[in-house]
$ cat coords-v7.cif   # mmCIF, C-alpha atoms and all ligand atoms
data_final
#
loop_
_atom_site.group_PDB
_atom_site.id
_atom_site.type_symbol
_atom_site.label_atom_id
_atom_site.label_comp_id
_atom_site.auth_asym_id
_atom_site.auth_seq_id
_atom_site.Cartn_x
_atom_site.Cartn_y
_atom_site.Cartn_z
ATOM 1 C CA MET P 23 18.532 -15.431 34.196
ATOM 2 C CA LYS P 24 18.874 -19.168 34.203
ATOM 3 C CA ASN P 25 22.327 -19.252 32.668
ATOM 4 C CA ARG P 26 23.577 -16.564 35.055
ATOM 5 C CA ILE P 27 22.799 -18.864 37.945
ATOM 6 C CA LEU P 28 24.384 -21.844 36.235
ATOM 7 C CA ARG P 29 27.535 -20.035 35.189
ATOM 8 C CA PRO P 30 29.563 -20.497 38.401
ATOM 9 C CA ALA P 31 28.944 -24.226 38.166
ATOM 10 C CA LEU P 32 30.175 -24.235 34.563
ATOM 11 C CA LEU P 33 33.331 -22.392 35.543
ATOM 12 C CA CYS P 34 33.967 -24.947 38.245
ATOM 13 C CA ALA P 35 33.520 -27.730 35.733
ATOM 14 C CA ALA P 36 36.002 -26.004 33.443
ATOM 15 C CA ALA P 37 38.454 -25.749 36.303
ATOM 16 C CA LEU P 38 38.060 -29.439 37.108
ATOM 17 C CA PHE P 39 38.631 -30.301 33.481
ATOM 18 C CA ALA P 40 41.828 -28.262 33.525
ATOM 19 C CA ILE P 41 43.028 -30.203 36.567
ATOM 20 C CA ALA P 42 42.568 -33.471 34.755
ATOM 21 C CA ALA P 43 44.410 -32.123 31.717
ATOM 22 C CA GLN P 44 47.270 -30.901 33.852
ATOM 23 C CA ALA P 45 47.489 -34.141 35.774
ATOM 24 C CA ASP P 46 48.086 -35.778 32.396
ATOM 25 C CA ALA P 47 50.735 -33.203 31.593
ATOM 26 C CA GLY P 48 52.619 -34.067 34.756
ATOM 27 C CA HIS P 49 51.599 -31.280 37.122
ATOM 28 C CA GLU P 50 53.273 -28.331 35.540
ATOM 29 C CA HIS P 51 52.552 -25.466 37.859
ATOM 30 C CA GLY P 52 53.001 -21.781 37.369
ATOM 31 C CA SER P 53 53.293 -21.341 33.635
ATOM 32 C CA ALA P 54 50.558 -23.912 33.065
ATOM 33 C CA HIS P 55 48.118 -21.376 34.397
ATOM 34 C CA ALA P 56 48.812 -18.963 31.566
ATOM 35 C CA GLY P 57 47.772 -21.555 29.003
ATOM 36 C CA ALA P 58 44.558 -22.403 30.800
ATOM 37 C CA HIS P 59 43.901 -18.705 31.195
ATOM 38 C CA ALA P 60 44.285 -17.966 27.495
ATOM 39 C CA GLN P 61 42.070 -20.725 26.143
ATOM 40 C CA ASP P 62 38.905 -19.742 27.950
ATOM 41 C CA THR P 63 38.403 -16.073 27.183
ATOM 42 C CA HIS P 64 35.352 -16.361 24.912
ATOM 43 C CA ASP P 65 31.746 -16.392 26.011
ATOM 44 C CA ALA P 66 32.605 -15.940 29.633
ATOM 45 C CA ASP P 67 29.792 -13.666 30.833
ATOM 46 C CA THR P 68 29.192 -14.064 34.526
ATOM 47 C CA PRO P 69 26.993 -12.320 37.085
ATOM 48 C CA TYR P 70 30.050 -10.215 37.988
ATOM 49 C CA GLY P 71 31.013 -9.299 34.411
ATOM 50 C CA ARG P 72 33.195 -10.666 31.674
ATOM 51 C CA PRO P 73 36.801 -10.744 30.487
ATOM 52 C CA GLY P 74 37.788 -7.273 29.377
ATOM 53 C CA ASP P 75 39.720 -5.949 26.422
ATOM 54 C CA ALA P 76 43.064 -4.656 27.707
ATOM 55 C CA ALA P 77 42.999 -1.856 25.131
ATOM 56 C CA LYS P 78 39.754 -0.601 26.684
ATOM 57 C CA ALA P 79 40.900 -0.686 30.301
ATOM 58 C CA GLN P 80 40.011 2.675 31.794
ATOM 59 C CA ARG P 81 42.213 2.315 34.830
ATOM 60 C CA THR P 82 44.614 0.062 36.611
ATOM 61 C CA VAL P 83 43.947 -1.078 40.150
ATOM 62 C CA ARG P 84 46.915 -2.512 41.994
ATOM 63 C CA VAL P 85 46.062 -4.950 44.757
ATOM 64 C CA VAL P 86 48.746 -6.215 47.111
ATOM 65 C CA MET P 87 48.393 -9.742 48.496
ATOM 66 C CA SER P 88 50.159 -10.534 51.740
ATOM 67 C CA ASP P 89 50.993 -13.508 53.921
ATOM 68 C CA THR P 90 48.753 -12.020 56.603
ATOM 69 C CA MET P 91 45.988 -13.280 54.266
ATOM 70 C CA ARG P 92 44.809 -9.858 53.318
ATOM 71 C CA PHE P 93 44.298 -7.834 50.167
ATOM 72 C CA ASP P 94 45.159 -4.151 50.108
ATOM 73 C CA PRO P 95 42.895 -2.462 49.201
ATOM 74 C CA ALA P 96 40.204 -4.810 50.476
ATOM 75 C CA THR P 97 37.372 -2.887 48.823
ATOM 76 C CA ILE P 98 37.344 -1.603 45.262
ATOM 77 C CA THR P 99 34.580 0.519 43.792
ATOM 78 C CA VAL P 100 34.005 0.588 40.035
ATOM 79 C CA ARG P 101 31.363 1.936 37.705
ATOM 80 C CA ARG P 102 29.022 -0.385 35.875
ATOM 81 C CA GLY P 103 30.433 -0.989 32.387
ATOM 82 C CA GLU P 104 33.953 -0.061 33.421
ATOM 83 C CA THR P 105 36.888 -2.167 32.264
ATOM 84 C CA VAL P 106 39.550 -2.470 34.935
ATOM 85 C CA ARG P 107 43.074 -3.794 34.654
ATOM 86 C CA PHE P 108 43.918 -5.467 37.954
ATOM 87 C CA VAL P 109 47.542 -5.911 38.874
ATOM 88 C CA ALA P 110 47.690 -8.440 41.697
ATOM 89 C CA ALA P 111 51.063 -8.064 43.377
ATOM 90 C CA ASN P 112 52.235 -10.784 45.726
ATOM 91 C CA GLY P 113 54.114 -9.081 48.539
ATOM 92 C CA GLY P 114 54.477 -12.284 50.542
ATOM 93 C CA ARG P 115 56.604 -15.413 50.529
ATOM 94 C CA LEU P 116 53.689 -17.725 49.839
ATOM 95 C CA GLU P 117 51.786 -18.236 46.622
ATOM 96 C CA HIS P 118 48.537 -16.271 46.438
ATOM 97 C CA GLU P 119 45.635 -15.899 44.053
ATOM 98 C CA PHE P 120 43.359 -13.145 42.896
ATOM 99 C CA VAL P 121 40.055 -14.723 41.880
ATOM 100 C CA LEU P 122 37.012 -12.638 40.968
ATOM 101 C CA GLY P 123 33.556 -14.006 41.660
ATOM 102 C CA THR P 124 30.386 -13.883 43.631
ATOM 103 C CA THR P 125 30.231 -14.850 47.279
ATOM 104 C CA ALA P 126 28.692 -18.156 46.191
ATOM 105 C CA SER P 127 31.122 -18.915 43.351
ATOM 106 C CA LEU P 128 34.196 -18.220 45.492
ATOM 107 C CA LYS P 129 32.865 -20.379 48.286
ATOM 108 C CA ALA P 130 32.223 -23.224 45.837
ATOM 109 C CA HIS P 131 35.692 -22.869 44.308
ATOM 110 C CA ALA P 132 37.309 -22.792 47.740
ATOM 111 C CA GLU P 133 35.621 -26.093 48.548
ATOM 112 C CA GLU P 134 37.015 -27.603 45.340
ATOM 113 C CA MET P 135 40.454 -26.281 46.217
ATOM 114 C CA ARG P 136 40.325 -28.033 49.579
ATOM 115 C CA ALA P 137 39.627 -31.278 47.754
ATOM 116 C CA MET P 138 42.338 -30.624 45.138
ATOM 117 C CA PRO P 139 44.912 -28.131 46.397
ATOM 118 C CA ASP P 140 46.905 -28.216 43.146
ATOM 119 C CA MET P 141 43.998 -27.204 40.956
ATOM 120 C CA GLN P 142 44.507 -24.359 38.524
ATOM 121 C CA HIS P 143 41.646 -22.079 37.607
ATOM 122 C CA ALA P 144 40.692 -22.284 33.935
ATOM 123 C CA ASP P 145 39.104 -18.915 34.436
ATOM 124 C CA PRO P 146 39.995 -15.563 32.866
ATOM 125 C CA GLY P 147 38.873 -13.928 36.120
ATOM 126 C CA ALA P 148 41.543 -15.696 38.142
ATOM 127 C CA VAL P 149 45.294 -15.517 38.420
ATOM 128 C CA ARG P 150 47.729 -17.350 40.683
ATOM 129 C CA VAL P 151 50.826 -15.376 41.578
ATOM 130 C CA ALA P 152 54.191 -16.592 42.840
ATOM 131 C CA ALA P 153 55.933 -14.897 45.765
ATOM 132 C CA GLY P 154 57.283 -11.505 44.749
ATOM 133 C CA ALA P 155 55.606 -11.611 41.339
ATOM 134 C CA SER P 156 52.487 -9.972 39.983
ATOM 135 C CA GLY P 157 49.694 -11.110 37.715
ATOM 136 C CA GLU P 158 47.089 -9.307 35.671
ATOM 137 C CA ILE P 159 43.405 -9.625 34.958
ATOM 138 C CA VAL P 160 41.422 -7.337 32.676
ATOM 139 C CA TRP P 161 37.759 -7.424 33.579
ATOM 140 C CA GLN P 162 34.635 -5.537 32.566
ATOM 141 C CA PHE P 163 31.983 -5.159 35.247
ATOM 142 C CA THR P 164 28.654 -5.337 33.437
ATOM 143 C CA GLU P 165 26.236 -5.552 36.349
ATOM 144 C CA ALA P 166 25.763 -3.353 39.377
ATOM 145 C CA GLY P 167 26.137 -5.125 42.672
ATOM 146 C CA SER P 168 28.526 -6.333 45.295
ATOM 147 C CA PHE P 169 31.029 -8.985 44.270
ATOM 148 C CA GLU P 170 34.185 -10.460 45.719
ATOM 149 C CA PHE P 171 37.768 -11.348 45.009
ATOM 150 C CA GLY P 172 39.553 -13.965 47.007
ATOM 151 C CA CYS P 173 42.573 -16.181 47.344
ATOM 152 C CA LEU P 174 41.278 -19.741 47.192
ATOM 153 C CA ILE P 175 44.458 -21.505 48.209
ATOM 154 C CA PRO P 176 43.387 -23.804 51.062
ATOM 155 C CA GLY P 177 43.606 -22.017 54.378
ATOM 156 C CA HIS P 178 43.887 -18.559 52.851
ATOM 157 C CA PHE P 179 40.230 -18.014 51.985
ATOM 158 C CA GLU P 180 39.228 -19.457 55.350
ATOM 159 C CA ALA P 181 41.619 -17.038 57.069
ATOM 160 C CA GLY P 182 39.739 -14.155 55.516
ATOM 161 C CA MET P 183 41.712 -13.573 52.313
ATOM 162 C CA VAL P 184 38.772 -12.009 50.536
ATOM 163 C CA GLY P 185 37.890 -8.524 49.330
ATOM 164 C CA LYS P 186 34.926 -6.746 47.858
ATOM 165 C CA VAL P 187 34.172 -5.151 44.496
ATOM 166 C CA VAL P 188 31.270 -2.736 44.568
ATOM 167 C CA VAL P 189 29.888 -1.976 41.097
ATOM 168 C CA ARG P 190 27.775 1.178 40.947
HETATM 169 CU CU CU D 201 46.621 -16.506 49.502
#
$ encode --input "coords-v7.cif" --output "structure tokens" --more "lines below"
Ligand SMILES: [Cu+2]
Amino acid sequence: MKNRILRPALLCAAALFAIAAQADAGHEHGSAHAGAHAQDTHDADTPYGRPGDAAKAQRTVRVVMSDTMRFDPATITVRRGETVRFVAANGGRLEHEFVLGTTASLKAHAEEMRAMPDMQHADPGAVRVAAGASGEIVWQFTEAGSFEFGCLIPGHFEAGMVGKVVVR
């Protein structure tokens, strides 16, 4: 139980570390995310699940992100234990993100993003997507409950760019 509560804080620390590393690398955006994404796929159990094996994905859920600061669909229902391949499609002209988490972890990350708008998430449950592009996350939902996905780019989360994952 203890480490489940601590986990969001650890992910935030990992994200902050990635910022520092990228600052050293000269602020390479976009493709830099893929590297950070790949290096942190082990031992990543969270209250909302863990990185999934793409070969075991039972279905694909396409989520469209728009400049009206909305996700479509805004609510996704999955079964406990299910591995889902999310395709986050950016239908807007702005950059958007698809970040899985709990209400608390997304709120904490959004606060960090306000402090450091260029931060990249060193988190296998997060993907930043350029205008017109799409990104993928494969995630296994291991616990029943109500979780969230959000775009944590400053201003977007605050404008209501958040959706819900219900795990039954
Ligand atoms: Cu956004």
$ atom_distance --input "coords-v7.cif" --atom1 "CA of Val121 (chain P)" --atom2 "CA of Gly147 (chain P)"
5.9 Å
$ residues_near_ligand --input "coords-v7.cif" --ligand "ligand CU 201 (chain D)" --cutoff "7 Å" --atoms "only C-alpha atoms and all ligand atoms" --output "compact mmCIF listing (two decimals) with C-alpha atoms, keeping the file's coordinate frame"
# COMPACT_ATOMS: atom_id res chain seq x y z
CA ASP P 89 50.99 -13.51 53.92
CA MET P 91 45.99 -13.28 54.27
CA GLU P 117 51.79 -18.24 46.62
CA HIS P 118 48.54 -16.27 46.44
CA GLU P 119 45.64 -15.90 44.05
CA CYS P 173 42.57 -16.18 47.34
CA LEU P 174 41.28 -19.74 47.19
CA ILE P 175 44.46 -21.50 48.21
CA HIS P 178 43.89 -18.56 52.85
CA MET P 183 41.71 -13.57 52.31
$ closest_residue --input "coords-v7.cif" --among "P:Leu116, P:Leu122, P:Val100, P:Met135" --to "Glu158 (chain P)" --atoms "all atoms listed in the file"
P:Leu122
$ atom_distance --input "coords-v7.cif" --atom1 "CA of Ala181 (chain P)" --atom2 "CA of Arg84 (chain P)"
21.6 Å
$ resolve_selection --input "coords-v7.cif" --expression "the PyMOL selection byres (((chain P and resi 120) around 12) and not hetatm)" --output "PyMOL selection string"
chain P and resi 84-88+91-94+96+108-112+117-119+121-123+128+143+145-152+156-160+170-175+178-179+183-186
$ resolve_selection --input "coords-v7.cif" --expression "the PyMOL selection byres (((chain P and resi 168) around 9) and not hetatm)" --output "PyMOL selection string"
chain P and resi 70+124-125+166-167+169-170+186-190
$ atom_distance --input "coords-v7.cif" --atom1 "CA of Arg107 (chain P)" --atom2 "CA of Gln80 (chain P)"
7.7 Å
$ resolve_selection --input "coords-v7.cif" --expression "the PyMOL selection byres (((chain P and resi 104) around 9) and not hetatm)" --output "ChimeraX atom specification"
/P:78-81,100-103,105-106,161-164,189
